[in-house]
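Before any comments, here is the structure.
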Amino acid sequence: MDGWYTRHPQWFVAELEALRRVYPRFSMDEGMLHNGIVVLYGELVVRPPGGARRHAVQVVFSNDSPYAFPAVFPIQALPTFNDDGAAQQIRKPTIFDHRHQMPNGALCLFQYETRVEDGGEAISVVDVLKRAEAWFMGHATGRWPPDSRESELASHFFRSPTQILLSKTFYSDRLHGRGEFFAVKDVHRFFVGRSQFQPPLIMTMATVETGVWEVIDAREDLQHIFPWLTNAAWEPKAFLDFQERQRQAKDIEFGDVARISGHWWELPTEPQVFRDGKGLLGILSSVAEGGDAWSMVSHTLGVDLTKNNLQYVGLCYPGRSELREWLFFVVNTGTLQAQGGFAVQTEQEKRKRFEAATVACIPAHALTAKSINLRNETVVSSQVCHKQVALFGVGALGSKVSELLAQAGVAHFKLCDGDVLNVGNVARHVGGLGDCGAPKTEVVARRIWEVNPYAQIDVLNQHVSPTSPDAENFFAGVDLVVCTIADEGAESGFNDLAVSLQTPVIYGRALRRGQLGRVFLVRPGLDACKTCLSLVAQETHSEWIAVTECPEDALLHECGRPVIAGSAVDLSYVAALIARLALNTLEDRTIVANHLVWSLEGAAELSPLLKHPYSVAQSVFVPKPNCPSCGPAKILTVELPQSVRETMVAEVVSSPATETGGILLGRLDGSKAIIHRATGPGPNAVRTPTKFERDLEFSQQELEAEVSNGNGNIYLGEWHSHLVAVPEPSGRDVLSMTGIAEAANYATDCPVMLICGLDPQTQNVGDIKAWVFPVGSSMRRITILGDHNALTT
């Protein structure tokens with residue numbers, strides 16, 4: 001019969017010759033060879049302290065040989081062979097109950113990571129047998145090669161077809177000793193999804209029954225991705241009531257299908273592998289009084305031992321990398337045999353049935369930050385999970401960027417978009433038809449939570465004007481903004497806001513029906529801002545790659561915004577570029593290029609750098625000195641001592657019905673303005689609830705007196721109050737400060753403005769903010785430093 005060796009005869013012959021040289025006593029099962037299967041039998045000898053030990057083994061070649069290594073099974077004794085060389089007996093594997101042996105008896109000899117050769121690495125049977133000798137030596141001496149940091153114990157047991165999801169609650173130190181656990185199936189998949197696969201079990205609660213009895217509810221951990229967990233049917237009390245009704249056989253409802261419960265014990269150390277109920281009792285003996293676990297197990301399981309043939313057991317123990325690890329098992333004691341109408345009840349018979357029970361492991365998945373980001377370790381900096389990204393626009397590009405960043409480990413997001421998902425969006429969005437009509441921000445938030453249920457997400461379901469307070473609030477405190485709205489006017493406004501707040505922004509858009517994409521990073525002070533780039537584009541000899549759009553590319557463009565064709569496949573390239581540049585920025589990597597243009601088919605007519613398909617033209621653009629948006633400002637921070645702050649606050653609080661203010665006096669220390677004094681408004685100041693004009697004569701006298709003192713103080717700017725908790729400059733403020741910057745008699749071309757916000761509800765100053773107004777450029781929000789450089793805003 002055709003076998004793998006007919007496809008690789010030379011390798012097969014070479015293997016047999018090598019085997020005869022090194023292990024001459026191994027024999028081939030000719031009967032199996034006739035059926036196309038290569039099986040070898042022989043003995044391996046190891047010599048640990050205390051004398052030599054012989055181990056009979058069976059070697060089975062996979063039909064994928066030579067690109068899959070042979071499996072080695074220890075057996076009790078070698079078979080006998082007939083005259084035709086066929087083995088006469090079928091030998092069952094010897095089970096050592098050790099974690100380095102798979103449930104079918106095969107020894108663990110290789111990891112998949114060792115298969116690194118191009119075209120597939122052919123592993124010699126001699127190498128396999130030498131590894132098997134090392135395995136037996138390790139078993140005899142207890143000295144094994146170092147284990148990985150993940151125990152992977154579940155893979156050494158026969159597996160149940162279902163799985164268990166464990167949230168972070170089950171890895172805290174709140175669970176100790178022993179107790180009961182409760183889990184529910186993913187009811188959406190169970191009743192609606194029509195999946196042929198078993199839905200996972202979601203652990204929702206557990207009890208701690210040592211010391212003070214406690215119920216631990218873990219539903220909140222995962223309610224973002226399984227919102228039905230908040231239903232009253234899954235509350236701890238409902239669960240416990242149902243368990244009691246089931247035990248008393250008063251009623252059975254759908255919950256007996258959708259819910260399971262079992263008992264768990266905490267072990268002092270990582271357990272060894274076991275194969276049956278007897279082995280489980282041996283593992284539990286370490287936490288049983290007197291060393292025999294049967295009394296403890298029988299008392300805990302109670303009537304369930306005689307009523308149910310399936311028992312669910314959980315074991316937790318100190319982990320190698322997590323605080324703890326979990327194993328869950330379903331113990332099948334078989335169908336109860338009735339005698340005279342009554343099930344067997346004696347302790348001896350119950351124990352016998354339990355010890356003979358088959359055990360299958362239910363793989364448990366740790367839904368912790370560490371396990372979620374396991375495959376990002378060593379390639380993505382751990383600091384990314386502490387960074388916050390704000391996304392303006394979560395459509396075709398923004399939704400994919402959000403998903404990629406979440407998968408990379410970003411755990412703090414702000415999402416802003418005023419659109420809802422419609423049928424036409426689905427072809428290019430992370431949302432599906434089931435999300436139609438939902439705000440795009442909520443669709444993307446749910447997708448992020450499916451990647452990381454612990455991600456912190458703020459959403460703003462509206463289109464935001466760059467000049468609105470919502471926009472500044474959205475920028476506040478973030479480490480990076482990603483803007484994919486593809487609106488020139490709005491992007492220019494966001495550019496001015498980002499420069500003012502010194503916030504890095506990545507702008508990304510697809511061009512020419514997705515055939516090209518442009519992505520550029522603006523770190524204020526380091527990179528050319530969007531206004532700078534418009535100046536670069538006007539230069540005769542520049543590296544700027546101009547891409548003109550074709551009006552006929554729009555599919556729809558009447559009273560609404562244009563709808564441009566573009567494949568999700570092509571847009572994914574652009575989204576990946578945006579996400580990669582974002583990740584480099586969040587990780588503080590060296591940015592090689594801050595401006596990227598990608599071409600799908602090549603665009604040599606635009607630039608020689610784009611002559612090949614899938615080309616990326618990389619450029620570096622620096623700030624333009626004459627840029628009206630990001631031109632250099634002399635003052636970047638302002639120091640406000642506590643004494644000066646208290647003077648301002650006292651003046652504002654004493655004037656709760658009208659605005660007040662004065663001038664700021666101090667000195668400059670490089671790019672820092674140090675305020676030494678804030679004057680009052682003066683007797684002839686104009687003060688209303690919405691307007692303040694200081695007493696000019698009084699302010700001039702205060703300035704002259706300060707100068708005459710010879711302490712080096714000069715005029716730095718203005719301060720006043722607004723009767724709102726979070727103050728923002730008014731149009732009158734901007735006009736006034738711009739005039740001061742341009743006026744020759746003020747002797748400053750970068751005046752500072754402080755605004756104190758008086759909360760009308762509490763009558764307290766809730767916030768103080770600072771701006772500078774450099775001449776010839778836009779106003780900038782700057783940082784206020786207090787005593788000891790404490791950040792006050």
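Letters A, B, ... mark the chains of the structure tokens in the order given; residue numbers begin at 1 per chain; ligand numbers begin at 1, in order shown.
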Mind the document's chain letters and residue numbers, and return as a tab-separated table (two decimals) with C-alpha atoms, in the first residue's frame the residues of segment 73-313 of chain A that DSSP labels strand (DSSP E).
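Result went into result.tsv, see below:
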chain	number	residue	atom	x	y	z
A	73	PHE	CA	5.34	5.54	23.02
A	74	PRO	CA	6.70	3.73	26.09
A	75	ILE	CA	5.14	0.24	26.38
A	164	ILE	CA	-13.76	28.13	30.03
A	165	LEU	CA	-13.14	31.89	30.01
A	166	LEU	CA	-11.71	33.26	33.26
A	167	SER	CA	-11.70	36.99	33.89
A	178	ARG	CA	-11.93	26.02	48.42
A	179	GLY	CA	-15.42	26.79	47.22
A	180	GLU	CA	-17.96	26.38	44.45
A	181	PHE	CA	-17.76	27.87	40.96
A	182	PHE	CA	-20.51	28.76	38.50
A	183	ALA	CA	-20.29	29.22	34.74
A	184	VAL	CA	-22.70	29.86	31.90
A	185	LYS	CA	-22.48	29.09	28.20
A	201	LEU	CA	-18.25	28.56	29.38
A	202	ILE	CA	-17.97	31.99	30.99
A	203	MET	CA	-17.07	31.90	34.66
A	204	THR	CA	-19.41	34.35	36.37
A	205	MET	CA	-19.03	33.73	40.09
A	206	ALA	CA	-17.42	31.65	42.79
A	207	THR	CA	-17.82	31.11	46.49
A	208	VAL	CA	-15.08	30.98	49.07
A	214	GLU	CA	-18.15	34.83	50.52
A	215	VAL	CA	-19.75	35.12	47.08
A	216	ILE	CA	-17.53	36.71	44.41
A	217	ASP	CA	-19.41	38.11	41.42
A	259	ARG	CA	-25.23	26.60	33.31
A	260	ILE	CA	-22.75	24.39	35.10
A	261	SER	CA	-21.34	24.42	38.59
A	262	GLY	CA	-18.59	22.57	40.36
A	263	HIS	CA	-16.20	22.68	43.27
A	264	TRP	CA	-12.69	24.05	43.36
A	265	TRP	CA	-9.68	23.61	45.61
A	266	GLU	CA	-6.48	25.62	45.99
A	310	LEU	CA	-20.64	14.17	35.60
A	311	GLN	CA	-18.79	16.14	38.27
A	312	TYR	CA	-16.98	19.42	37.58
A	313	VAL	CA	-13.78	20.12	39.53
Surrounding residues of Pro199 of chain A excluding itself and chain neighbours under 6 positions, 7 Å, only C-alpha atoms, as a list in words
Thr162, Lys185, Asp186, Arg189 and Phe190 of chain A
May I ask which of the residues A:Trp326, A:Ile506, A:Ala770, A:Ala134 is the closest one to His365 of chain A, counting only C-alpha atoms?
A:Trp326
Near Asp570 of chain A, counting only C-alpha atoms, which residues have an atom at most 10 Å away, once you skip same-chain residues fewer than 6 positions from it, shown as a ChimeraX atom specification?
/A:428,510,513-517,599-600
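Residues of segment 603-668 of chain A that DSSP, applied to the backbone, places in alpha helix (DSSP H): Gln642, Ser643, Val644, Arg645, Glu646, Thr647, Met648, Val649, Ala650, Glu651, Val652 and Val653 of chain A.
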Selected residues, N, CA, C and O atoms, written as a short mmCIF file (atom, residue, chain, number, x, y, z; two decimals), in the first residue's frame, please.
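Result file follows (again18.cif):
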data_model
loop_
_atom_site.label_atom_id
_atom_site.label_comp_id
_atom_site.auth_asym_id
_atom_site.auth_seq_id
_atom_site.Cartn_x
_atom_site.Cartn_y
_atom_site.Cartn_z
N GLN A 642 2.33 79.60 44.49
CA GLN A 642 1.10 79.42 45.25
C GLN A 642 0.59 80.74 45.81
O GLN A 642 -0.62 80.98 45.85
N SER A 643 1.50 81.62 46.24
CA SER A 643 1.07 82.89 46.82
C SER A 643 0.33 83.75 45.78
O SER A 643 -0.68 84.38 46.09
N VAL A 644 0.83 83.77 44.55
CA VAL A 644 0.17 84.54 43.50
C VAL A 644 -1.17 83.89 43.14
O VAL A 644 -2.18 84.58 42.95
N ARG A 645 -1.19 82.60 43.09
CA ARG A 645 -2.44 81.88 42.81
C ARG A 645 -3.49 82.22 43.86
O ARG A 645 -4.66 82.47 43.53
N GLU A 646 -3.09 82.22 45.12
CA GLU A 646 -4.04 82.51 46.20
C GLU A 646 -4.59 83.93 46.09
O GLU A 646 -5.77 84.18 46.35
N THR A 647 -3.73 84.88 45.68
CA THR A 647 -4.19 86.26 45.49
C THR A 647 -5.25 86.33 44.39
O THR A 647 -6.29 86.99 44.55
N MET A 648 -5.00 85.67 43.27
CA MET A 648 -5.96 85.67 42.17
C MET A 648 -7.27 85.00 42.59
O MET A 648 -8.37 85.51 42.31
N VAL A 649 -7.17 83.85 43.25
CA VAL A 649 -8.37 83.12 43.65
C VAL A 649 -9.21 83.95 44.62
O VAL A 649 -10.44 84.02 44.50
N ALA A 650 -8.55 84.62 45.56
CA ALA A 650 -9.29 85.45 46.52
C ALA A 650 -10.02 86.58 45.81
O ALA A 650 -11.18 86.90 46.15
N GLU A 651 -9.39 87.18 44.82
CA GLU A 651 -10.03 88.27 44.07
C GLU A 651 -11.23 87.74 43.29
O GLU A 651 -12.30 88.37 43.25
N VAL A 652 -11.09 86.57 42.69
CA VAL A 652 -12.18 86.01 41.88
C VAL A 652 -13.36 85.62 42.78
O VAL A 652 -14.52 85.90 42.48
N VAL A 653 -13.07 84.97 43.90
CA VAL A 653 -14.15 84.54 44.81
C VAL A 653 -14.89 85.72 45.39
O VAL A 653 -16.10 85.66 45.64
#
Can you pull out the residues contacting Pro79 of chain A? Cut-off 9 Å, using only C-alpha atoms, and skip same-chain residues under 2 positions away; I want them as JSON, numbers by chain.
{"A": [41, 77, 81, 87, 88, 89, 90, 91]}
Fewer than 3 positions away in the same chain doesn't count, so skip those; otherwise give me all residues within 12 Å of Pro161 of chain A, counting only C-alpha atoms, as a list in words.
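Final neighbour list, sorted by chain and number: Phe158, Ile164, Gln196, Phe197, Gln198, Pro199, Pro200, Leu201, Phe329, Val330, Ala360, Cys361, Ile362, Pro363 and Ala364 of chain A.
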Written file, previous selection with N, CA and C atoms, as a PDB file, in the first residue's frame:
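Output (result_6.pdb):
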ATOM      1  N   PHE A 158      -6.589  14.452  28.322  1.00  0.00           N
ATOM      2  CA  PHE A 158      -7.636  14.362  27.319  1.00  0.00           C
ATOM      3  C   PHE A 158      -8.543  15.572  27.505  1.00  0.00           C
ATOM      4  N   ILE A 164     -13.320  27.225  28.963  1.00  0.00           N
ATOM      5  CA  ILE A 164     -13.759  28.133  30.025  1.00  0.00           C
ATOM      6  C   ILE A 164     -12.999  29.451  29.906  1.00  0.00           C
ATOM      7  N   GLN A 196     -21.697  24.854  15.134  1.00  0.00           N
ATOM      8  CA  GLN A 196     -21.543  23.428  15.396  1.00  0.00           C
ATOM      9  C   GLN A 196     -20.548  23.171  16.530  1.00  0.00           C
ATOM     10  N   PHE A 197     -19.856  24.218  16.949  1.00  0.00           N
ATOM     11  CA  PHE A 197     -18.876  24.068  18.005  1.00  0.00           C
ATOM     12  C   PHE A 197     -19.479  24.449  19.356  1.00  0.00           C
ATOM     13  N   GLN A 198     -18.969  23.816  20.377  1.00  0.00           N
ATOM     14  CA  GLN A 198     -19.443  24.112  21.726  1.00  0.00           C
ATOM     15  C   GLN A 198     -19.114  25.550  22.088  1.00  0.00           C
ATOM     16  N   PRO A 199     -20.097  26.319  22.554  1.00  0.00           N
ATOM     17  CA  PRO A 199     -19.778  27.679  23.000  1.00  0.00           C
ATOM     18  C   PRO A 199     -18.956  27.629  24.275  1.00  0.00           C
ATOM     19  N   PRO A 200     -18.134  28.629  24.528  1.00  0.00           N
ATOM     20  CA  PRO A 200     -17.314  28.603  25.742  1.00  0.00           C
ATOM     21  C   PRO A 200     -18.163  28.801  26.984  1.00  0.00           C
ATOM     22  N   LEU A 201     -17.657  28.301  28.086  1.00  0.00           N
ATOM     23  CA  LEU A 201     -18.253  28.564  29.385  1.00  0.00           C
ATOM     24  C   LEU A 201     -17.627  29.833  29.943  1.00  0.00           C
ATOM     25  N   PHE A 329     -11.807  20.256  35.277  1.00  0.00           N
ATOM     26  CA  PHE A 329     -12.012  18.889  34.788  1.00  0.00           C
ATOM     27  C   PHE A 329     -13.480  18.512  34.868  1.00  0.00           C
ATOM     28  N   VAL A 330     -13.886  17.672  33.924  1.00  0.00           N
ATOM     29  CA  VAL A 330     -15.168  16.999  34.025  1.00  0.00           C
ATOM     30  C   VAL A 330     -14.853  15.534  34.312  1.00  0.00           C
ATOM     31  N   ALA A 360     -11.512  14.417  31.873  1.00  0.00           N
ATOM     32  CA  ALA A 360     -11.199  15.246  30.704  1.00  0.00           C
ATOM     33  C   ALA A 360     -10.991  16.674  31.179  1.00  0.00           C
ATOM     34  N   CYS A 361      -9.976  17.303  30.647  1.00  0.00           N
ATOM     35  CA  CYS A 361      -9.651  18.680  31.043  1.00  0.00           C
ATOM     36  C   CYS A 361     -10.443  19.672  30.193  1.00  0.00           C
ATOM     37  N   ILE A 362     -11.011  20.681  30.851  1.00  0.00           N
ATOM     38  CA  ILE A 362     -11.680  21.779  30.158  1.00  0.00           C
ATOM     39  C   ILE A 362     -10.671  22.919  30.074  1.00  0.00           C
ATOM     40  N   PRO A 363     -10.118  23.200  28.910  1.00  0.00           N
ATOM     41  CA  PRO A 363      -9.092  24.252  28.819  1.00  0.00           C
ATOM     42  C   PRO A 363      -9.620  25.586  29.338  1.00  0.00           C
ATOM     43  N   ALA A 364      -8.840  26.223  30.187  1.00  0.00           N
ATOM     44  CA  ALA A 364      -9.202  27.520  30.770  1.00  0.00           C
ATOM     45  C   ALA A 364      -8.341  28.599  30.147  1.00  0.00           C
TER      46      ALA A 364
END
Select, from A:Val45, A:Asn495, A:Ala357, A:Val481, the residue with the minimum atom-to-atom distance to Lys278 of chain A, counting only C-alpha atoms.
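Smallest distance to Lys278 of chain A is found for A:Ala357.
Near Lys672 of chain A, within 8 Å and counting only C-alpha atoms, sit Ile635, Leu636, Thr637, Val638, Glu639, Leu668 and Asp669 of chain A, not including residues fewer than 3 positions from it in the same chain.
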Any chance you can output those residues with all heavy atoms as a tab-separated table (two decimals), in the first residue's frame?
chain	number	residue	atom	x	y	z
A	635	ILE	N	7.51	81.77	24.70
A	635	ILE	CA	7.12	81.28	26.02
A	635	ILE	C	6.37	79.96	25.85
A	635	ILE	O	5.37	79.88	25.13
A	635	ILE	CB	6.23	82.31	26.75
A	635	ILE	CG1	7.01	83.61	26.94
A	635	ILE	CG2	5.74	81.76	28.08
A	635	ILE	CD1	6.19	84.72	27.55
A	636	LEU	N	6.86	78.92	26.53
A	636	LEU	CA	6.25	77.59	26.44
A	636	LEU	C	5.59	77.14	27.73
A	636	LEU	O	4.70	76.29	27.71
A	636	LEU	CB	7.30	76.56	26.03
A	636	LEU	CG	8.01	76.82	24.69
A	636	LEU	CD1	9.05	75.75	24.43
A	636	LEU	CD2	7.01	76.88	23.54
A	637	THR	N	6.03	77.67	28.87
A	637	THR	CA	5.42	77.35	30.16
A	637	THR	C	5.36	78.62	31.01
A	637	THR	O	6.07	79.60	30.75
A	637	THR	CB	6.24	76.30	30.93
A	637	THR	OG1	7.57	76.79	31.16
A	637	THR	CG2	6.31	74.98	30.18
A	638	VAL	N	4.50	78.58	32.00
A	638	VAL	CA	4.39	79.71	32.92
A	638	VAL	C	4.39	79.17	34.35
A	638	VAL	O	3.73	78.18	34.66
A	638	VAL	CB	3.10	80.53	32.65
A	638	VAL	CG1	1.87	79.67	32.76
A	638	VAL	CG2	3.00	81.71	33.61
A	639	GLU	N	5.20	79.78	35.20
A	639	GLU	CA	5.30	79.37	36.60
A	639	GLU	C	4.42	80.28	37.45
A	639	GLU	O	4.58	81.51	37.43
A	639	GLU	CB	6.74	79.42	37.08
A	639	GLU	CG	6.93	78.89	38.49
A	639	GLU	CD	8.39	78.83	38.90
A	639	GLU	OE1	9.15	78.08	38.23
A	639	GLU	OE2	8.77	79.52	39.86
A	668	LEU	N	11.26	86.67	32.63
A	668	LEU	CA	11.42	85.53	31.74
A	668	LEU	C	12.68	84.76	32.09
A	668	LEU	O	13.72	85.35	32.38
A	668	LEU	CB	11.50	86.00	30.28
A	668	LEU	CG	10.24	86.66	29.70
A	668	LEU	CD1	10.52	87.14	28.28
A	668	LEU	CD2	9.07	85.69	29.71
A	669	ASP	N	12.56	83.43	32.08
A	669	ASP	CA	13.71	82.55	32.28
A	669	ASP	C	13.73	81.58	31.11
A	669	ASP	O	13.11	80.53	31.16
A	669	ASP	CB	13.58	81.81	33.61
A	669	ASP	CG	14.77	80.90	33.88
A	669	ASP	OD1	15.75	80.96	33.10
A	669	ASP	OD2	14.73	80.11	34.85
I'd like the contact shell of segment 380-387 of chain A - 7 Å cut-off, only C-alpha atoms, skipping same-chain residues fewer than 5 positions apart - returned as a PyMOL selection string.
chain A and resi 409-412+479+586-587
How would the residues just picked look written out with N, CA and C atoms as a PDB file, in the first residue's frame?
ATOM      1  N   GLY A 409      -2.008  46.402  22.025  1.00  0.00           N
ATOM      2  CA  GLY A 409      -1.899  46.578  23.471  1.00  0.00           C
ATOM      3  C   GLY A 409      -2.358  47.911  23.997  1.00  0.00           C
ATOM      4  N   VAL A 410      -2.735  48.850  23.129  1.00  0.00           N
ATOM      5  CA  VAL A 410      -3.267  50.131  23.617  1.00  0.00           C
ATOM      6  C   VAL A 410      -4.574  49.851  24.353  1.00  0.00           C
ATOM      7  N   ALA A 411      -4.733  50.443  25.540  1.00  0.00           N
ATOM      8  CA  ALA A 411      -5.893  50.116  26.374  1.00  0.00           C
ATOM      9  C   ALA A 411      -6.702  51.338  26.784  1.00  0.00           C
ATOM     10  N   HIS A 412      -6.357  52.509  26.261  1.00  0.00           N
ATOM     11  CA  HIS A 412      -7.086  53.728  26.607  1.00  0.00           C
ATOM     12  C   HIS A 412      -7.413  54.474  25.311  1.00  0.00           C
ATOM     13  N   ASP A 479      -2.093  61.018  24.606  1.00  0.00           N
ATOM     14  CA  ASP A 479      -0.709  60.940  24.149  1.00  0.00           C
ATOM     15  C   ASP A 479      -0.586  61.075  22.642  1.00  0.00           C
ATOM     16  N   LEU A 586       3.987  56.062  20.045  1.00  0.00           N
ATOM     17  CA  LEU A 586       3.636  55.723  21.425  1.00  0.00           C
ATOM     18  C   LEU A 586       4.788  55.035  22.141  1.00  0.00           C
ATOM     19  N   GLU A 587       5.599  54.297  21.396  1.00  0.00           N
ATOM     20  CA  GLU A 587       6.735  53.598  21.994  1.00  0.00           C
ATOM     21  C   GLU A 587       7.975  54.484  22.088  1.00  0.00           C
TER      22      GLU A 587
END
For atom CA of Leu785 of chain A and atom CA of Leu640 of chain A, the interatomic separation in Å (one decimal):
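So the two atoms, atom CA of Leu785 of chain A and atom CA of Leu640 of chain A, lie 5.9 Å apart.
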Quote the spacing between atom CA of Arg324 of chain A and atom CA of Ser371 of chain A in Å to one decimal place.
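Atom CA of Ser371 of chain A lies at a distance of 12.3 Å from atom CA of Arg324 of chain A.
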